[in-house]
Amino acid sequence: MNHEGVHRRKFSWDTFSSVATLIPSLILLGVFVYGFIAWTVYVSLTKWNSFIPDFSFAGLMNYMAIFNTYRFQSDLRNIVVFTVLFIVLCLVVGLALAILVDQKIKAEGFFRSIFIFPMAISFVVTGVVWSWILNPNTGVNLILKAFGWKSLPSWFLSTTITPSIPIGQIQLGIPIALLAVLIAAVWQMSGFAMAVYLAGLRAIADDIKEAARIDGAGAWRIFFSIILPQLKATTTTIIIILTAASLKIFGLIYAMTGPGQAFVTDMPSLNMFQTTFQGDAFAQGAAIAVVLLLLIAVFIIPYLISTLRQGENS
Amino acid sequence: MIRNRWLAVSAAALVTLSMTATVPALAASGAQGNLQIFSWWTGVASSKALRSLINVYTAEYPGMKVTNEAVAGGAGSNAKAVLASRMEAGNPPGTFQVHAGGGSLLSWVQAGDMTPLNSLYQSQGWYKVFPKSLLNLLTFNGKIYAVPVDMQRGNVLWYNPSIFKKYHLTAPKTFSQFFHDASVLKSHGITPLALANHGNWEATLLFSDVLLGTVGPQKYDQLLTGKMSWNTPGVKQAATTFAKMMSFTNKDFSALHWQQADQLVAQGKAAMNVMGDWAQGYFTTDLHLKPGSGFGWAPTPMTQGVFGVVSDVFGLPSKLKDSTPTMNFLKVLGSKKAQDIFNPLKGTFSPRLDSNPAKYDAYSRAAMKSYKKDKLVLVIGQGAVNPGFTNSFNNAMEIFVTDHNVNSFVSALETAAQTNPLS
């Protein structure tokens with residue numbers, strides 16, 4: 001009897017303390033994340049497009065309005081092009097750097113710090129500095145010119161889109177100006193990919209590589225058949241984190257190029273900010289935010305499902 | 001009530017997501033003896049001028065604590081976002097900077113966020129000291145909602161006098177003179193018209209002046225107040241002129257801030273630039289040039305006798321708990337004494353008709369003279385029209401400066417005016 005009582009009290013105290021610890025973050029998450037997502041969705045379905053709040057139901061009017069603009073169509077093109085190129089380049093550069101640092105070199109810590117250092121800088125600072133470096137009249141072009149380069153690139157001022165396939169109101173393709181932004185973004189974030197890859201590389205047991213070597217596998221064979229497959233989980237993690245960073249990108253663009261001529265470097269986040277707070281079109285701004293959220297969900301939900309499955313298996 | 005609270009919290013959170021400058025929004029406002037002054041005056045000259053204004057106020061009302069809540073950011077773009085969240089949250093600052101006209105000011109009035117100031121004007125005798133045409137820009141349905149503190153001109157063509165002298169040119173009064181000058185300058189390898197458009201409002205300002213010069217002040221006013229359709233031949237003609245002008249500008253305009261365009265003029269790399277007369281402070285203070293010999297100015301083509309008003313005004317938010325500190329501040333703000341201290345420091349001039357010209361430099365004295373006799377109009381992108389229209393206008397301009405497609409530009413303006421009614 002006595003023993004059971006103590007046990008029960010202990011059990012309930014555990015339950016109580018665990019619930020009590022969770023409650024603050026549950027409330028904060030519930031209100032400030034999911035509550036506001038619901039609120040934003042609601043606002044996007046209203047007619048609140050001026051300072052005077054108007055909550056009458058508008059259906060999908062705001063969504064139709066934004067999808068029908070040159071600017072938002074450009075945004076969708078830009079965000080997809082940017083995200084794909086950004087992730088591919090970060091993965092390639094990050095893995096290359098990680099492999100180099102992993103060669104048991106001297107002063108490894110020094111190089112590791114150098115490569116990861118850009119991540120410590122704010123996107124705004126990166127944007128301003130790179131807008132100076134890539135300014136066609138004052139930046140890196142002066143060096144190219146000194147080397148006798150004839151047709152100097154116009155970097156983020158270019159309005160060329162290649163290949164230029166007309167779809168809707170816009171041209172589909174890769175805006176050249178976006179590549180300049182991409183250089184800055186990859187410079188900043190590839191160090192992060194390196195750090196994660198380095199951890200992944202270190203986790204691969206040396207005896208597997210050793211066994212392969214004894215079996216007569218060359219360096220390339222070991223890389224493609226042993227190292228790369230073992231880095232699959234690491235790669236997934238990097239892709240998910242970089243995708244979230246890329247889709248939300250704001251500061252870098254705002255500081256470096258702004259929307260750009262004919263919106264060649266515009267992003268949904270920038271459009272959302274200007275529509276909401278400079279144009280006072282709160283409902284349309286909310287609609288852009290919801291589309292952005294859906295875009296992120298397309299990438300994140302498959303990841304969540306796969307991690308949940310892994311959790312069940314193990 | 002509940003709906004309002006939700007609105008408040010959500011507006012605050014929306015802003016917090018994109019910027020972290022909302023902390024003041026949580027601070028209580030309107031406490032006894034405390035006044036929050038909200039502006040985008042963070043530059044060297046303007047913040048110095050604001051401090052001098054605050055000094056006049058605290059000297060007259062000792063014991064008052066003033067909080068300077070200036071938010072940095074080009075042409076107030078960030079400040080307006082922070083202000084919007086505070087107003088929606090029912091937590092306004094004591095008073096705030098806004099441009100005269102049917103832009104943000106009218107939006108606040110329509111939202112019921114402002115208190116009329118007719119009795120203040122009556123008691124201070126301000127109906128006589130400010131021109132009626134200026135007060136008209138602050139009056140809606142017979143009620144006046146703000147006090148003007150400074151005056152700037154939006155339709156100024158700045159030019160390099162030595163270049164003009166060298167090629168025997170005079171400042172263009174008409175568009176055909178402009179294009180004549182421009183081709184002469186181009187043939188000598190000088191960029192005729194410097195353009196900066198990094199902020200995406202500078203090209204809008206230029207177009208606004210071209211439109212004003214093309215259709216004249218009456219029709220221009222009718223367009224801005226929704227009394228005339230934007231699908232009028234004048235708008236198309238102005239767009240065509242503007243597109244032609246674009247072939248005489250520097251190509252890297254979207255990388256430049258307006259100061260850099262004026263720098264090109266000062267250095268002799270470009271001959272002309274169209275910018276508001278805040279550029280004057282840049283020429284004299286930053287580049288140490290003398291008005292007249294170092295830089296020249298003229299009204300933009302075909303706008304002689306018209307003054308494009310860009311005036312900073314302050315009003316009384318209706319949701320304040322205690323309006324006395326604000327009312328006292330507005331009394332100081334509109335006074336001759338404070339305006340003649342504030343404006344020379346800021347590089348602007350006092351909109352009062354009785355201000356003392358001896359306190360101002362050569363440019364401001366000349367501008368003051370035009371202001372007193374010219375017809376006053378507003379400038380698109382500088383508080384003239386509602387924010388929704390302005391945003392759509394800027395978006396259309398971002399495309400037009402690249403593709404020069406007159407028809408799609410004009411139809412975009414027409415759509416913008418339909419979605420964001422101007423009347």
# chains A, B, ... in the order shown; residues from 1 in each chain; ligands from 1

call {"tool": "interface_residues", "arguments": {"of": "chain B", "to": "chain A", "cutoff": "7 Å", "atoms": "only C-alpha atoms", "output": "PDB file with C-alpha atoms, in the first residue's frame"}}
result
ATOM      1  CA  SER B  10      -1.272  40.172 -35.393  1.00  0.00           C
ATOM      2  CA  SER B  77       9.815  53.287 -46.198  1.00  0.00           C
ATOM      3  CA  ALA B  81       5.825  50.125 -41.859  1.00  0.00           C
ATOM      4  CA  SER B 107      -5.506  57.032 -45.266  1.00  0.00           C
ATOM      5  CA  ALA B 111      -9.360  55.169 -40.882  1.00  0.00           C
ATOM      6  CA  ASP B 252      23.388  51.563 -64.309  1.00  0.00           C
ATOM      7  CA  SER B 254      19.121  50.679 -60.736  1.00  0.00           C
ATOM      8  CA  PRO B 387      -0.206  54.019 -50.782  1.00  0.00           C
ATOM      9  CA  GLY B 388      -1.864  51.215 -52.756  1.00  0.00           C
ATOM     10  CA  ASN B 391       2.950  50.848 -54.789  1.00  0.00           C
ATOM     11  CA  GLU B 398      10.066  49.026 -62.484  1.00  0.00           C
ATOM     12  CA  ILE B 399       8.946  47.261 -65.659  1.00  0.00           C
ATOM     13  CA  THR B 402      13.320  48.238 -68.634  1.00  0.00           C
TER      14      THR B 402
END

call {"tool": "residues_around", "arguments": {"residues": "segment 84-97 of chain A", "least_positions_apart": "4", "cutoff": "7 Å", "atoms": "only C-alpha atoms", "output": "list of chain:residue names"}}
result
A:Val80, A:Val101, A:Leu182, A:Val186, A:Met189, A:Ser190, A:Gly191, A:Ala193, A:Met194, A:Tyr197, A:Ile239, A:Leu242

call {"tool": "residues_around", "arguments": {"residues": "Ile167 of chain A", "least_positions_apart": "6", "cutoff": "12 Å", "atoms": "only C-alpha atoms", "output": "list in words"}}
result
Tyr70, Gln73, Ser74, Arg77 and Gly173 of chain A

call {"tool": "atom_distance", "arguments": {"atom1": "atom CA of Ile226 of chain A", "atom2": "atom CA of Ser113 of chain A"}}
result
27.4 Å

call {"tool": "residues_around", "arguments": {"residues": "segment 194-202 of chain B", "least_positions_apart": "2", "cutoff": "7 Å", "atoms": "only C-alpha atoms", "output": "list in words"}}
result
Thr191, Pro192, Thr204, Leu205, Leu206, Thr249, Asn250, Phe253, Ser254, Ala255, Leu256, His257, Trp258, Ala261, Leu264, Val265, Ala270, Met272, Asn273, Gly381, Asn394 and Glu398 of chain B

call {"tool": "residues_around", "arguments": {"residues": "Pro301 of chain B", "least_positions_apart": "4", "cutoff": "9 Å", "atoms": "only C-alpha atoms", "output": "number ranges by chain"}}
result
B: 155, 157, 171-175, 177-178, 209-210, 213-214

call {"tool": "write_last_selection", "arguments": {"atoms": "N, CA, C and O atoms", "output": "tab-separated table (two decimals), in the first residue's frame"}}
result
chain	number	residue	atom	x	y	z
B	155	ASN	N	9.89	69.41	-58.29
B	155	ASN	CA	10.11	69.51	-59.74
B	155	ASN	C	11.31	70.41	-60.07
B	155	ASN	O	11.18	71.49	-60.61
B	157	LEU	N	15.15	70.67	-61.87
B	157	LEU	CA	16.17	70.12	-62.75
B	157	LEU	C	17.51	70.70	-62.31
B	157	LEU	O	17.70	71.92	-62.34
B	171	ALA	N	19.58	76.04	-69.57
B	171	ALA	CA	18.71	75.04	-68.94
B	171	ALA	C	17.42	74.93	-69.75
B	171	ALA	O	16.79	75.94	-70.06
B	172	PRO	N	17.03	73.70	-70.13
B	172	PRO	CA	15.87	73.53	-71.01
B	172	PRO	C	14.55	73.95	-70.35
B	172	PRO	O	14.28	73.56	-69.22
B	173	LYS	N	13.77	74.75	-71.09
B	173	LYS	CA	12.46	75.16	-70.57
B	173	LYS	C	11.35	74.26	-71.13
B	173	LYS	O	10.29	74.14	-70.53
B	174	THR	N	11.59	73.69	-72.30
B	174	THR	CA	10.58	72.83	-72.92
B	174	THR	C	11.20	71.46	-73.17
B	174	THR	O	12.42	71.29	-73.05
B	175	PHE	N	10.35	70.49	-73.54
B	175	PHE	CA	10.88	69.15	-73.81
B	175	PHE	C	11.73	69.14	-75.07
B	175	PHE	O	12.73	68.43	-75.14
B	177	GLN	N	13.59	71.58	-76.17
B	177	GLN	CA	14.89	72.11	-75.77
B	177	GLN	C	15.70	71.06	-75.01
B	177	GLN	O	16.91	70.94	-75.18
B	178	PHE	N	14.98	70.32	-74.17
B	178	PHE	CA	15.67	69.28	-73.40
B	178	PHE	C	16.33	68.27	-74.33
B	178	PHE	O	17.51	67.93	-74.18
B	209	ASP	N	7.10	64.54	-62.82
B	209	ASP	CA	7.42	65.87	-63.35
B	209	ASP	C	7.20	65.95	-64.86
B	209	ASP	O	6.77	66.99	-65.37
B	210	VAL	N	7.49	64.85	-65.57
B	210	VAL	CA	7.24	64.84	-67.01
B	210	VAL	C	5.74	64.92	-67.28
B	210	VAL	O	5.28	65.67	-68.15
B	213	GLY	N	4.54	68.45	-66.65
B	213	GLY	CA	4.92	69.33	-67.73
B	213	GLY	C	4.13	69.07	-69.01
B	213	GLY	O	3.91	69.96	-69.82
B	214	THR	N	3.70	67.81	-69.18
B	214	THR	CA	2.98	67.45	-70.41
B	214	THR	C	1.51	67.86	-70.37
B	214	THR	O	1.01	68.45	-71.32

call {"tool": "residues_around", "arguments": {"residues": "Tyr127 of chain B", "least_positions_apart": "3", "cutoff": "12 Å", "atoms": "only C-alpha atoms", "output": "MDAnalysis selection string"}}
result
chainID B and resid 117:124 130:136 139 144 147 334 352:353

call {"tool": "closest_residue", "arguments": {"among": "B:Ala182, B:Ala45, B:Leu376, B:Leu35", "to": "Lys65 of chain B", "atoms": "only C-alpha atoms"}}
result
B:Leu35
